[in-house]
Amino acid sequence: MPGSFIDTNVLVHVASGDPVKAEQAEKLIADGGTISVQVLNELANVARRKMRLSWTDTHALLSTIRALLPVQPITVGIHETGLELAERYGLSIYDAMIAASALHAECDTLWSEDIQDGVVIQDRLRIANPFRPG
């Protein structure tokens, strides 16, 4: 059964100062979805550099997220798919690797604020911005 994949930028909003975006991000997590090791790495970077969380708090945040959402490992196959997506769709390498992880996890929706809302990748992965008005 196809599912959802959640990009890093959505998870960051859980701890943001924007209560509307935080609530929407929490709802997506509660509804379930998949993330990748790349998402965890990016979240760790944001937690340390932008949110200025301690290492203890960063580990706690990552542990909580891992307990709530299944994690897609990074593989050479995902890397190769990501390169193809970057070339074909003009995505950044990092966004393409997220989309590749979502495809390999057999997701049909990628929740992201960074990739253009409404784009469909390989005729089976729809990009959706959960914070888009209306």
# chains A, B, ... in the order shown; residues from 1 in each chain; ligands from 1
call {"tool": "residues_around", "arguments": {"residues": "segment 61-72 of chain A", "least_positions_apart": "3", "cutoff": "12 Å", "atoms": "only C-alpha atoms", "output": "ChimeraX atom specification"}}
result
/A:3-8,11-12,14-15,26,28-48,51,53-58,75,78,97-107
call {"tool": "select_by_dssp", "arguments": {"residues": "chain A", "states": "alpha helix (DSSP H)", "output": "ChimeraX atom specification"}}
result
/A:8-12,19-31,37-49,55-68,76-89,93-104
call {"tool": "select_by_dssp", "arguments": {"residues": "chain A", "states": "strand (DSSP E or B)", "output": "list in words"}}
result
Gly3, Ser4, Phe5, Ile6, Thr34, Ile35, Ser36, Val71, Gln72, Cys107, Asp108, Thr109, Leu110, Trp111, Val120, Ile121, Leu125, Arg126, Ile127 and Ala128 of chain A
call {"tool": "write_last_selection", "arguments": {"atoms": "C-alpha atoms", "output": "PDB file, in the first residue's frame"}}
result
ATOM      1  CA  GLY A   3       2.209   5.826   1.709  1.00  0.00           C
ATOM      2  CA  SER A   4       3.708   9.166   2.556  1.00  0.00           C
ATOM      3  CA  PHE A   5       7.298  10.286   2.819  1.00  0.00           C
ATOM      4  CA  ILE A   6       8.147  13.282   5.004  1.00  0.00           C
ATOM      5  CA  THR A  34       8.491   7.226   6.068  1.00  0.00           C
ATOM      6  CA  ILE A  35      11.723   9.185   6.344  1.00  0.00           C
ATOM      7  CA  SER A  36      15.275   8.413   5.272  1.00  0.00           C
ATOM      8  CA  VAL A  71      13.502   4.960   8.262  1.00  0.00           C
ATOM      9  CA  GLN A  72      14.494   4.123   4.680  1.00  0.00           C
ATOM     10  CA  CYS A 107       5.470   6.061  -1.321  1.00  0.00           C
ATOM     11  CA  ASP A 108       3.014   7.945  -3.509  1.00  0.00           C
ATOM     12  CA  THR A 109       3.204  11.313  -1.705  1.00  0.00           C
ATOM     13  CA  LEU A 110       6.263  13.312  -0.696  1.00  0.00           C
ATOM     14  CA  TRP A 111       5.418  16.023   1.819  1.00  0.00           C
ATOM     15  CA  VAL A 120       4.658  14.233 -10.138  1.00  0.00           C
ATOM     16  CA  ILE A 121       7.877  12.249 -10.360  1.00  0.00           C
ATOM     17  CA  LEU A 125       5.251  10.249  -6.602  1.00  0.00           C
ATOM     18  CA  ARG A 126       3.289  13.448  -6.040  1.00  0.00           C
ATOM     19  CA  ILE A 127       4.976  16.355  -4.260  1.00  0.00           C
ATOM     20  CA  ALA A 128       2.643  18.071  -1.801  1.00  0.00           C
TER      21      ALA A 128
END
call {"tool": "residues_around", "arguments": {"residues": "Arg88 of chain A", "least_positions_apart": "5", "cutoff": "10 Å", "atoms": "only C-alpha atoms", "output": "list of chain:residue names"}}
result
A:Gly82, A:Leu83, A:Ala96, A:Ile121, A:Gln122
call {"tool": "write_last_selection", "arguments": {"atoms": "N, CA and C atoms", "output": "mmCIF file, in the first residue's frame"}}
result
data_model
loop_
_atom_site.group_PDB
_atom_site.id
_atom_site.type_symbol
_atom_site.label_atom_id
_atom_site.label_comp_id
_atom_site.auth_asym_id
_atom_site.auth_seq_id
_atom_site.Cartn_x
_atom_site.Cartn_y
_atom_site.Cartn_z
ATOM 1 N N GLY A 82 18.511 8.789 -7.475
ATOM 2 C CA GLY A 82 18.582 10.216 -7.178
ATOM 3 C C GLY A 82 19.314 11.000 -8.248
ATOM 4 N N LEU A 83 20.409 10.457 -8.748
ATOM 5 C CA LEU A 83 21.140 11.128 -9.827
ATOM 6 C C LEU A 83 20.268 11.254 -11.073
ATOM 7 N N ALA A 96 16.644 15.442 -4.868
ATOM 8 C CA ALA A 96 16.510 14.248 -5.695
ATOM 9 C C ALA A 96 16.733 12.976 -4.872
ATOM 10 N N ILE A 121 6.603 12.836 -9.960
ATOM 11 C CA ILE A 121 7.877 12.249 -10.360
ATOM 12 C C ILE A 121 7.656 10.789 -10.748
ATOM 13 N N GLN A 122 8.155 10.436 -11.906
ATOM 14 C CA GLN A 122 8.039 9.086 -12.470
ATOM 15 C C GLN A 122 6.596 8.577 -12.474
#
call {"tool": "decode", "arguments": {"residues": "segment 18-76 of chain A", "atoms": "C-alpha atoms", "output": "PDB file, in the first residue's frame"}}
result
ATOM      1  CA  ASP A  18       4.933  28.853  13.963  1.00  0.00           C
ATOM      2  CA  PRO A  19       2.089  27.059  15.776  1.00  0.00           C
ATOM      3  CA  VAL A  20       0.049  26.528  12.595  1.00  0.00           C
ATOM      4  CA  LYS A  21       2.931  24.821  10.774  1.00  0.00           C
ATOM      5  CA  ALA A  22       3.910  22.908  13.917  1.00  0.00           C
ATOM      6  CA  GLU A  23       0.369  21.542  14.237  1.00  0.00           C
ATOM      7  CA  GLN A  24       0.255  20.518  10.576  1.00  0.00           C
ATOM      8  CA  ALA A  25       3.670  18.811  10.847  1.00  0.00           C
ATOM      9  CA  GLU A  26       2.562  16.951  13.984  1.00  0.00           C
ATOM     10  CA  LYS A  27      -0.577  15.779  12.171  1.00  0.00           C
ATOM     11  CA  LEU A  28       1.487  14.390   9.282  1.00  0.00           C
ATOM     12  CA  ILE A  29       3.740  12.517  11.705  1.00  0.00           C
ATOM     13  CA  ALA A  30       0.723  11.157  13.576  1.00  0.00           C
ATOM     14  CA  ASP A  31      -0.795   9.979  10.279  1.00  0.00           C
ATOM     15  CA  GLY A  32       2.394   8.035   9.626  1.00  0.00           C
ATOM     16  CA  GLY A  33       4.977   8.198   6.938  1.00  0.00           C
ATOM     17  CA  THR A  34       8.491   7.226   6.068  1.00  0.00           C
ATOM     18  CA  ILE A  35      11.723   9.185   6.344  1.00  0.00           C
ATOM     19  CA  SER A  36      15.275   8.413   5.272  1.00  0.00           C
ATOM     20  CA  VAL A  37      18.668   8.418   6.910  1.00  0.00           C
ATOM     21  CA  GLN A  38      19.321  11.605   4.918  1.00  0.00           C
ATOM     22  CA  VAL A  39      16.321  13.246   6.594  1.00  0.00           C
ATOM     23  CA  LEU A  40      17.724  12.281   9.994  1.00  0.00           C
ATOM     24  CA  ASN A  41      21.133  13.701   9.065  1.00  0.00           C
ATOM     25  CA  GLU A  42      19.645  16.958   7.828  1.00  0.00           C
ATOM     26  CA  LEU A  43      17.464  17.222  10.943  1.00  0.00           C
ATOM     27  CA  ALA A  44      20.513  16.694  13.164  1.00  0.00           C
ATOM     28  CA  ASN A  45      22.320  19.467  11.315  1.00  0.00           C
ATOM     29  CA  VAL A  46      19.396  21.890  11.676  1.00  0.00           C
ATOM     30  CA  ALA A  47      18.928  20.958  15.343  1.00  0.00           C
ATOM     31  CA  ARG A  48      22.561  21.732  16.136  1.00  0.00           C
ATOM     32  CA  ARG A  49      23.221  24.736  13.876  1.00  0.00           C
ATOM     33  CA  LYS A  50      19.926  26.606  13.572  1.00  0.00           C
ATOM     34  CA  MET A  51      17.926  25.457  16.582  1.00  0.00           C
ATOM     35  CA  ARG A  52      21.063  25.379  18.755  1.00  0.00           C
ATOM     36  CA  LEU A  53      19.981  22.228  20.574  1.00  0.00           C
ATOM     37  CA  SER A  54      22.461  20.500  22.840  1.00  0.00           C
ATOM     38  CA  TRP A  55      23.765  17.108  21.776  1.00  0.00           C
ATOM     39  CA  THR A  56      21.543  15.512  24.413  1.00  0.00           C
ATOM     40  CA  ASP A  57      18.454  17.263  23.043  1.00  0.00           C
ATOM     41  CA  THR A  58      19.470  16.500  19.459  1.00  0.00           C
ATOM     42  CA  HIS A  59      19.776  12.789  20.256  1.00  0.00           C
ATOM     43  CA  ALA A  60      16.411  12.879  22.033  1.00  0.00           C
ATOM     44  CA  LEU A  61      14.731  14.561  19.049  1.00  0.00           C
ATOM     45  CA  LEU A  62      16.186  12.053  16.597  1.00  0.00           C
ATOM     46  CA  SER A  63      15.258   9.101  18.816  1.00  0.00           C
ATOM     47  CA  THR A  64      11.693  10.351  19.066  1.00  0.00           C
ATOM     48  CA  ILE A  65      11.396  10.749  15.305  1.00  0.00           C
ATOM     49  CA  ARG A  66      12.915   7.285  14.686  1.00  0.00           C
ATOM     50  CA  ALA A  67      10.412   5.778  17.121  1.00  0.00           C
ATOM     51  CA  LEU A  68       7.495   7.386  15.275  1.00  0.00           C
ATOM     52  CA  LEU A  69       8.452   6.891  11.627  1.00  0.00           C
ATOM     53  CA  PRO A  70      10.105   4.050   9.704  1.00  0.00           C
ATOM     54  CA  VAL A  71      13.502   4.960   8.262  1.00  0.00           C
ATOM     55  CA  GLN A  72      14.494   4.123   4.680  1.00  0.00           C
ATOM     56  CA  PRO A  73      18.216   3.272   4.560  1.00  0.00           C
ATOM     57  CA  ILE A  74      20.478   4.904   1.997  1.00  0.00           C
ATOM     58  CA  THR A  75      21.601   2.481  -0.712  1.00  0.00           C
ATOM     59  CA  VAL A  76      23.595   2.692  -3.913  1.00  0.00           C
TER      60      VAL A  76
END
